[in-house]
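Below is the file coords_6.csv, which contains CSV, C-alpha atoms and all ligand atoms.
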```
chain,number,residue,atom,x,y,z
A,1,MET,CA,95.8,164.1,0.1
A,2,ALA,CA,98.2,161.2,0.0
A,3,ARG,CA,96.5,158.0,-1.2
A,4,ARG,CA,97.7,154.6,0.0
A,5,LYS,CA,98.9,152.2,-2.6
A,6,LYS,CA,96.8,149.4,-3.8
A,7,VAL,CA,99.0,146.3,-4.1
A,8,TYR,CA,96.4,143.8,-5.4
A,9,GLU,CA,92.6,143.6,-6.0
A,10,GLY,CA,90.9,140.2,-6.0
A,11,LYS,CA,87.3,139.2,-6.2
A,12,ALA,CA,86.4,139.7,-2.6
A,13,LYS,CA,89.4,141.6,-1.1
A,14,ILE,CA,91.8,144.4,-1.7
A,15,LEU,CA,95.3,144.5,-0.4
A,16,TYR,CA,97.0,147.9,0.4
A,17,GLU,CA,100.5,148.7,1.4
A,18,GLY,CA,100.8,148.5,5.2
A,19,PRO,CA,102.1,151.0,7.7
A,20,GLU,CA,105.5,149.3,7.9
A,21,PRO,CA,107.5,147.1,5.7
A,22,GLY,CA,106.4,143.5,5.6
A,23,THR,CA,102.8,144.4,6.4
A,24,LEU,CA,99.7,144.9,4.3
A,25,VAL,CA,96.2,146.1,5.0
A,26,GLN,CA,93.5,143.6,3.8
A,27,TYR,CA,90.2,145.1,3.0
A,28,PHE,CA,87.0,142.9,2.7
A,29,LYS,CA,84.6,143.9,0.0
A,30,ASP,CA,80.9,143.0,-0.2
A,31,ASP,CA,81.3,141.4,-3.6
A,32,ALA,CA,80.5,137.7,-4.0
A,33,THR,CA,81.5,135.7,-7.0
A,34,ALA,CA,81.1,132.0,-7.9
A,35,PHE,CA,82.1,129.6,-10.6
A,36,ASN,CA,85.2,131.7,-11.4
A,37,ALA,CA,83.3,134.9,-11.4
A,38,GLU,CA,80.6,133.7,-13.9
A,39,LYS,CA,78.1,134.6,-11.2
A,40,THR,CA,78.5,137.9,-9.3
A,41,GLY,CA,76.6,139.8,-6.6
A,42,VAL,CA,77.0,142.3,-3.9
A,43,ILE,CA,75.9,141.1,-0.4
A,44,ASP,CA,75.4,144.0,1.9
A,45,GLY,CA,77.6,143.6,5.0
A,46,LYS,CA,79.4,140.4,3.9
A,47,GLY,CA,82.8,142.1,4.0
A,48,VAL,CA,82.2,143.3,7.6
A,49,LEU,CA,81.2,139.8,8.7
A,50,ASN,CA,84.1,138.1,6.9
A,51,ASN,CA,86.6,140.5,8.4
A,52,ARG,CA,85.3,139.6,11.9
A,53,LEU,CA,85.1,135.9,11.1
A,54,SER,CA,88.5,135.6,9.6
A,55,GLU,CA,89.9,137.5,12.6
A,56,PHE,CA,88.2,135.1,14.9
A,57,PHE,CA,89.5,132.0,13.2
A,58,MET,CA,93.0,133.3,12.4
A,59,SER,CA,93.6,134.7,15.9
A,60,GLY,CA,92.4,131.4,17.4
A,61,LEU,CA,94.9,129.6,15.2
A,62,ASN,CA,97.7,132.0,16.2
A,63,HIS,CA,96.9,131.2,19.9
A,64,ILE,CA,97.3,127.5,19.4
A,65,GLY,CA,100.5,127.9,17.6
A,66,VAL,CA,99.4,127.5,14.0
A,67,PRO,CA,101.0,130.5,12.3
A,68,THR,CA,98.9,132.8,10.2
A,69,HIS,CA,99.3,136.2,8.5
A,70,PHE,CA,96.8,137.9,10.8
A,71,ILE,CA,98.2,140.6,13.1
A,72,ARG,CA,95.2,142.6,14.2
A,73,ARG,CA,91.8,144.0,13.0
A,74,LEU,CA,92.0,147.7,12.2
A,75,ASN,CA,88.3,148.6,11.6
A,76,MET,CA,85.1,147.1,10.3
A,77,ARG,CA,86.4,146.1,6.9
A,78,GLU,CA,90.2,146.0,7.3
A,79,GLN,CA,92.8,144.0,9.1
A,80,LEU,CA,96.6,144.3,9.3
A,81,ILE,CA,98.4,141.2,8.0
A,82,ARG,CA,101.9,140.0,7.3
A,83,GLN,CA,103.0,140.2,3.8
A,84,VAL,CA,103.8,136.8,2.4
A,85,GLU,CA,104.8,135.2,-0.9
A,86,ILE,CA,101.6,133.3,-1.7
A,87,ILE,CA,102.2,129.7,-2.9
A,88,PRO,CA,100.0,129.5,-6.0
A,89,LEU,CA,97.9,126.7,-4.7
A,90,GLU,CA,94.5,126.4,-3.1
A,91,VAL,CA,94.7,123.8,-0.4
A,92,VAL,CA,91.3,122.1,0.1
A,93,VAL,CA,90.5,119.8,3.0
A,94,ARG,CA,87.4,117.7,2.9
A,95,ASN,CA,85.7,115.8,5.7
A,96,ILE,CA,82.5,115.1,3.9
A,97,ALA,CA,81.9,114.7,0.2
A,98,ALA,CA,80.4,117.8,-1.4
A,99,GLY,CA,80.8,120.2,-4.3
A,100,SER,CA,83.3,119.4,-7.0
A,101,MET,CA,84.4,116.1,-5.3
A,102,SER,CA,80.9,114.8,-5.4
A,103,GLU,CA,80.6,115.8,-9.0
A,104,ARG,CA,84.0,114.5,-10.1
A,105,LEU,CA,83.8,111.1,-8.4
A,106,GLY,CA,80.0,110.6,-8.3
A,107,ILE,CA,79.9,110.4,-4.5
A,108,GLU,CA,76.6,111.6,-3.0
A,109,GLU,CA,76.9,115.0,-1.2
A,110,GLY,CA,76.9,114.4,2.6
A,111,THR,CA,78.8,111.1,2.5
A,112,PRO,CA,81.4,111.1,5.3
A,113,LEU,CA,84.9,110.5,4.0
A,114,PRO,CA,87.0,107.8,5.7
A,115,ARG,CA,89.6,110.4,6.6
A,116,PRO,CA,90.2,114.0,5.8
A,117,ILE,CA,91.3,114.3,2.1
A,118,ILE,CA,93.6,117.1,1.0
A,119,GLU,CA,93.6,118.4,-2.5
A,120,PHE,CA,95.7,121.0,-4.3
A,121,TYR,CA,94.3,123.3,-7.0
A,122,PHE,CA,96.6,125.5,-9.1
A,123,LYS,CA,95.6,129.1,-8.7
A,124,ASP,CA,95.0,130.3,-12.2
A,125,ASP,CA,91.7,131.9,-13.1
A,126,ALA,CA,92.2,131.5,-16.8
A,127,LEU,CA,92.5,127.7,-16.3
A,128,GLY,CA,89.6,127.6,-13.8
A,129,ASP,CA,91.9,126.6,-10.9
A,130,PRO,CA,92.5,123.0,-12.0
A,131,LEU,CA,93.0,120.1,-9.5
A,132,VAL,CA,96.7,119.1,-9.6
A,133,THR,CA,98.7,116.4,-8.0
A,134,GLU,CA,101.8,116.6,-5.8
A,135,GLU,CA,103.8,115.5,-8.8
A,136,HIS,CA,102.7,118.6,-10.8
A,137,VAL,CA,103.4,120.9,-7.8
A,138,ILE,CA,107.0,119.7,-7.5
A,139,ALA,CA,107.7,119.3,-11.3
A,140,PHE,CA,106.5,122.8,-12.0
A,141,GLY,CA,108.3,124.3,-9.0
A,142,TRP,CA,105.2,125.7,-7.3
A,143,ALA,CA,106.5,124.2,-4.0
A,144,GLN,CA,109.1,121.7,-2.8
A,145,GLN,CA,108.5,118.4,-1.2
A,146,GLN,CA,109.2,119.9,2.3
A,147,ASP,CA,106.7,122.6,1.6
A,148,LEU,CA,104.1,120.1,0.6
A,149,ASP,CA,104.7,118.2,3.9
A,150,ASP,CA,104.4,121.4,5.8
A,151,MET,CA,101.3,122.4,3.9
A,152,VAL,CA,99.6,119.1,4.7
A,153,ALA,CA,100.5,119.4,8.4
A,154,LEU,CA,99.2,123.0,8.5
A,155,ALA,CA,96.0,122.1,6.7
A,156,LEU,CA,95.3,119.2,9.0
A,157,ARG,CA,95.8,121.4,12.1
A,158,VAL,CA,93.5,124.0,10.7
A,159,ASN,CA,91.0,121.3,10.0
A,160,ASP,CA,91.1,120.0,13.5
A,161,PHE,CA,90.8,123.5,15.0
A,162,MET,CA,88.0,124.6,12.7
A,163,SER,CA,86.1,121.4,13.1
A,164,GLY,CA,86.1,121.7,16.9
A,165,VAL,CA,85.2,125.4,16.9
A,166,MET,CA,82.3,124.8,14.6
A,167,LEU,CA,81.1,121.6,16.3
A,168,ALA,CA,80.9,123.6,19.5
A,169,VAL,CA,78.2,125.8,17.9
A,170,GLY,CA,76.3,123.1,16.2
A,171,ILE,CA,77.9,123.4,12.7
A,172,ARG,CA,79.6,120.7,10.7
A,173,LEU,CA,82.8,121.7,8.8
A,174,VAL,CA,82.3,119.8,5.5
A,175,ASP,CA,85.3,121.2,3.7
A,176,PHE,CA,87.3,124.4,3.3
A,177,LYS,CA,90.0,126.0,1.3
A,178,ILE,CA,93.1,127.8,2.6
A,179,GLU,CA,96.0,129.6,1.0
A,180,ILE,CA,99.5,129.4,2.4
A,181,GLY,CA,102.3,131.9,2.1
A,182,ARG,CA,106.1,131.9,2.7
A,183,ILE,CA,107.8,134.3,5.1
A,184,TRP,CA,111.4,134.7,5.7
A,185,ASP,CA,113.0,134.8,9.2
A,186,ASN,CA,116.5,135.7,8.2
A,187,ASP,CA,117.6,132.8,6.0
A,188,PHE,CA,114.9,130.5,7.1
A,189,GLN,CA,111.6,130.1,5.3
A,190,ARG,CA,108.4,129.4,7.2
A,191,LEU,CA,104.9,128.7,5.8
A,192,ILE,CA,102.0,130.4,7.4
A,193,VAL,CA,98.2,130.5,6.7
A,194,ALA,CA,97.3,133.5,4.6
A,195,ASP,CA,94.3,135.0,2.7
A,196,GLU,CA,91.1,134.5,4.7
A,197,ILE,CA,89.1,131.8,6.5
A,198,SER,CA,85.4,132.6,6.3
A,199,PRO,CA,82.1,131.2,5.1
A,200,ASP,CA,83.3,132.2,1.6
A,201,SER,CA,85.9,129.5,1.7
A,202,CYS,CA,84.3,126.8,3.8
A,203,ARG,CA,81.2,124.6,3.6
A,204,LEU,CA,79.3,124.8,6.9
A,205,TRP,CA,76.2,122.8,7.5
A,206,ASP,CA,73.9,123.1,10.6
A,207,ILE,CA,74.2,119.8,12.4
A,208,GLU,CA,70.5,119.6,13.3
A,209,SER,CA,68.8,120.8,10.1
A,210,GLY,CA,71.5,120.5,7.5
A,211,ARG,CA,70.9,124.1,6.6
A,212,LYS,CA,73.8,125.5,4.5
A,213,LEU,CA,75.6,128.5,6.2
A,214,ASP,CA,78.2,129.2,3.6
A,215,LYS,CA,78.7,130.5,0.1
A,216,ASP,CA,76.7,127.6,-1.4
A,217,VAL,CA,73.7,129.7,-0.4
A,218,PHE,CA,74.8,132.2,-3.1
A,219,ARG,CA,76.2,129.7,-5.6
A,220,ARG,CA,73.0,127.6,-5.5
A,221,ASP,CA,70.4,130.4,-4.9
A,222,LEU,CA,69.3,129.0,-1.5
A,223,GLY,CA,68.3,132.2,0.2
A,224,ASP,CA,70.0,135.2,1.8
A,225,LEU,CA,73.8,134.9,2.1
A,226,GLY,CA,74.0,137.7,4.6
A,227,ASP,CA,71.6,135.9,6.9
A,228,ALA,CA,73.6,132.7,6.7
A,229,TYR,CA,76.9,134.4,7.5
A,230,ALA,CA,75.3,136.5,10.3
A,231,GLU,CA,74.0,133.2,11.8
A,232,VAL,CA,77.6,131.8,11.9
A,233,ALA,CA,78.9,135.0,13.4
A,234,ARG,CA,76.1,135.1,16.0
A,235,ARG,CA,76.7,131.5,17.1
A,236,LEU,CA,80.4,132.2,17.5
A,237,GLY,CA,79.7,135.4,19.4
A,238,VAL,CA,81.4,137.7,16.9
A,239,LEU,CA,78.4,139.4,15.4
A,240,PRO,CA,79.4,143.1,15.2
A,241,SER,CA,75.9,144.1,16.2
A,242,ASN,CA,77.2,147.0,18.3
A,243,VAL,CA,79.0,148.4,15.3
A,244,THR,CA,76.7,147.9,12.3
A,245,HIS,CA,73.7,149.4,13.9
A,246,ALA,CA,74.2,153.1,14.9
A,247,ALA,CA,73.9,153.1,18.6
A,248,LYS,CA,73.5,156.0,21.0
A,249,PRO,CA,76.6,156.9,22.9
A,250,HIS,CA,76.7,155.2,26.2
A,251,LEU,CA,78.9,155.2,29.2
A,252,ILE,CA,81.1,152.1,29.7
A,253,ASN,CA,81.8,151.3,33.3
B,301,LIG,P1,84.8,122.7,-4.4
B,301,LIG,O1,83.9,121.5,-3.8
B,301,LIG,O2,84.0,123.6,-5.3
B,301,LIG,O3,86.0,122.2,-5.0
B,301,LIG,O4,85.2,123.5,-3.1
B,301,LIG,C1,85.8,123.0,-2.0
B,301,LIG,C2,86.0,124.0,-0.9
B,301,LIG,O5,86.8,125.1,-1.3
B,301,LIG,C3,84.7,124.7,-0.5
B,301,LIG,O6,84.7,124.8,0.9
B,301,LIG,C4,84.7,126.0,-1.1
B,301,LIG,C5,86.1,126.3,-1.3
B,301,LIG,N1,86.5,127.1,-2.5
B,301,LIG,C6,87.0,128.3,-2.4
B,301,LIG,O7,87.2,128.9,-1.3
B,301,LIG,N2,87.3,129.0,-3.6
B,301,LIG,C7,87.2,128.4,-4.8
B,301,LIG,O8,87.5,129.1,-5.8
B,301,LIG,C8,86.6,127.1,-4.9
B,301,LIG,C9,86.4,126.5,-6.2
B,301,LIG,C10,86.3,126.5,-3.7
```
Would you mind writing the file out in structure tokens?
Amino acid sequence: MARRKKVYEGKAKILYEGPEPGTLVQYFKDDATAFNAEKTGVIDGKGVLNNRLSEFFMSGLNHIGVPTHFIRRLNMREQLIRQVEIIPLEVVVRNIAAGSMSERLGIEEGTPLPRPIIEFYFKDDALGDPLVTEEHVIAFGWAQQQDLDDMVALALRVNDFMSGVMLAVGIRLVDFKIEIGRIWDNDFQRLIVADEISPDSCRLWDIESGRKLDKDVFRRDLGDLGDAYAEVARRLGVLPSNVTHAAKPHLIN
């Protein structure tokens, strides 16, 4: 039997060749890693939830005119995406101090920031994805000034959209990471949101209780990561409950 070609395998996802040129199939694994894969685990069902959640966020962004790589979900663990040239930067937007910013600058976790702060990290596992400045980005040719301006604009639009969507279900968007890719429309380059948007790449705190509903649950051993992600999916109305639990066939009228 013909086997489809694996294009890339990362820590939480696999990319396969897509059905037509310029497309890929993105497969969500159950694997969780933290601290540059020093800590690893398998969380039953995480891939299914992240596939749904990333679909939910990316299709919402597409609808409001923020371009993303998402085309459509194919099945429980896979989605069809546009192939992009990934810019080798992790773009982090922070609304509230937490994680590495709190550690680096000695700001207590939970301190609201005066405005959203955008940071760039160079995607290089061997170096531990170091924080870099716009000067580094341009000097080393990872992106041009125009790309940086476009990335900042995209990141802020994603922040506003995600903050609003999460606020509506009682969750505070503390920070998140996106990756951005280039696509070519004839001779013109456009930047679009790529990779995934899920609780693996965001910090999400319940507004009432402060309960963490993101990968920090795994990083910091705070409980069951699957439960936390299922809670986010449930509140957003995207819990694939009719798919994960074998249901009897029933008539749809
Ligand atoms: P940080 O506080 O550890 O720098 O993380 C900032 C945000 O970026 C947080 O929402 C988690 C996300 N993130 C990733 O998605 N991947 C990573 O490799 C890291 C370090 C952070």
- [ ] Give me the residues within 12 Å of stretch 220-223 of chain A as a VMD selection string, counting all atoms listed in the file and dropping any in the same chain fewer than 5 places off.
- [x] chain A and resid 33 to 35 39 to 41 43 99 211 to 215 228 to 229
Open item on the list: Could you list, as a list of chain:residue names, all protein and nucleic acid residues with an atom at most 7 Å from ligand LIG 301 (chain B), counting all atoms listed in the file?
Closed with: A:Phe35, A:Asn36, A:Val92, A:Ala98, A:Gly99, A:Ser100, A:Met101, A:Asp175, A:Phe176, A:Lys177, A:Asp200, A:Ser201, A:Cys202, A:Arg203
Suppose we keep C-alpha atoms; can you now write the selection as a CSV table (one decimal), in the frame of the given file?
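Writing done, so here's result.csv:
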```
chain,number,residue,atom,x,y,z
A,35,PHE,CA,82.1,129.6,-10.6
A,36,ASN,CA,85.2,131.7,-11.4
A,92,VAL,CA,91.3,122.1,0.1
A,98,ALA,CA,80.4,117.8,-1.4
A,99,GLY,CA,80.8,120.2,-4.3
A,100,SER,CA,83.3,119.4,-7.0
A,101,MET,CA,84.4,116.1,-5.3
A,175,ASP,CA,85.3,121.2,3.7
A,176,PHE,CA,87.3,124.4,3.3
A,177,LYS,CA,90.0,126.0,1.3
A,200,ASP,CA,83.3,132.2,1.6
A,201,SER,CA,85.9,129.5,1.7
A,202,CYS,CA,84.3,126.8,3.8
A,203,ARG,CA,81.2,124.6,3.6
```
Task: Interatomic distance, atom CA of A:Glu55 to atom CA of A:Trp205 (Å, one decimal) - done: 20.7 Å
Open item on the list: If I take atom CA of A:Ile192 and atom CA of A:Pro67, how far is one from the other in Å, to one decimal?
Closed with: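 Separation of atom CA of A:Ile192 and atom CA of A:Pro67: 5.0 Å.
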Per-residue nearest contacts stretch 87-199 of chain A to stretch 74-83 of chain A, cut-off 12 Å, using all atoms listed in the file, as CSV:
```
residue,atom,partner,partner_atom,distance
A:Ile180,CA,A:Gln83,CA,11.4
A:Gly181,CA,A:Gln83,CA,8.5
A:Arg182,CA,A:Gln83,CA,8.9
A:Ile183,CA,A:Gln83,CA,7.7
A:Trp184,CA,A:Gln83,CA,10.2
A:Leu191,CA,A:Arg82,CA,11.8
A:Ile192,CA,A:Arg82,CA,9.6
A:Val193,CA,A:Arg82,CA,10.2
A:Ala194,CA,A:Arg82,CA,8.4
A:Asp195,CA,A:Ile81,CA,9.1
A:Glu196,CA,A:Ile81,CA,10.4
```
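Using all atoms listed in the file, the smallest distance between any of A:Ile64, A:Gly210, A:Lys5, A:Asn186 and A:Arg157 comes from A:Ile64.
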Task: Of the listed residues A:Lys123, A:Arg172, A:Lys6, A:Arg235, that which approaches A:Val137 most closely, counting only C-alpha atoms - done: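 Using only C-alpha atoms, the shortest distance to A:Val137 belongs to A:Lys123.
Between A:Val42 and the candidates A:Lys11, A:Arg234, A:Glu17, A:Ile117, the tightest atom-to-atom separation, counting only C-alpha atoms, involves A:Lys11.
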- [ ] Between A:Leu225, A:Val158, A:Phe218, A:Gly110, single out the one closest to A:Met58, counting all atoms listed in the file.
- [x]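 Of A:Leu225, A:Val158, A:Phe218, A:Gly110, the one nearest A:Met58, counting all atoms listed in the file, is A:Val158.
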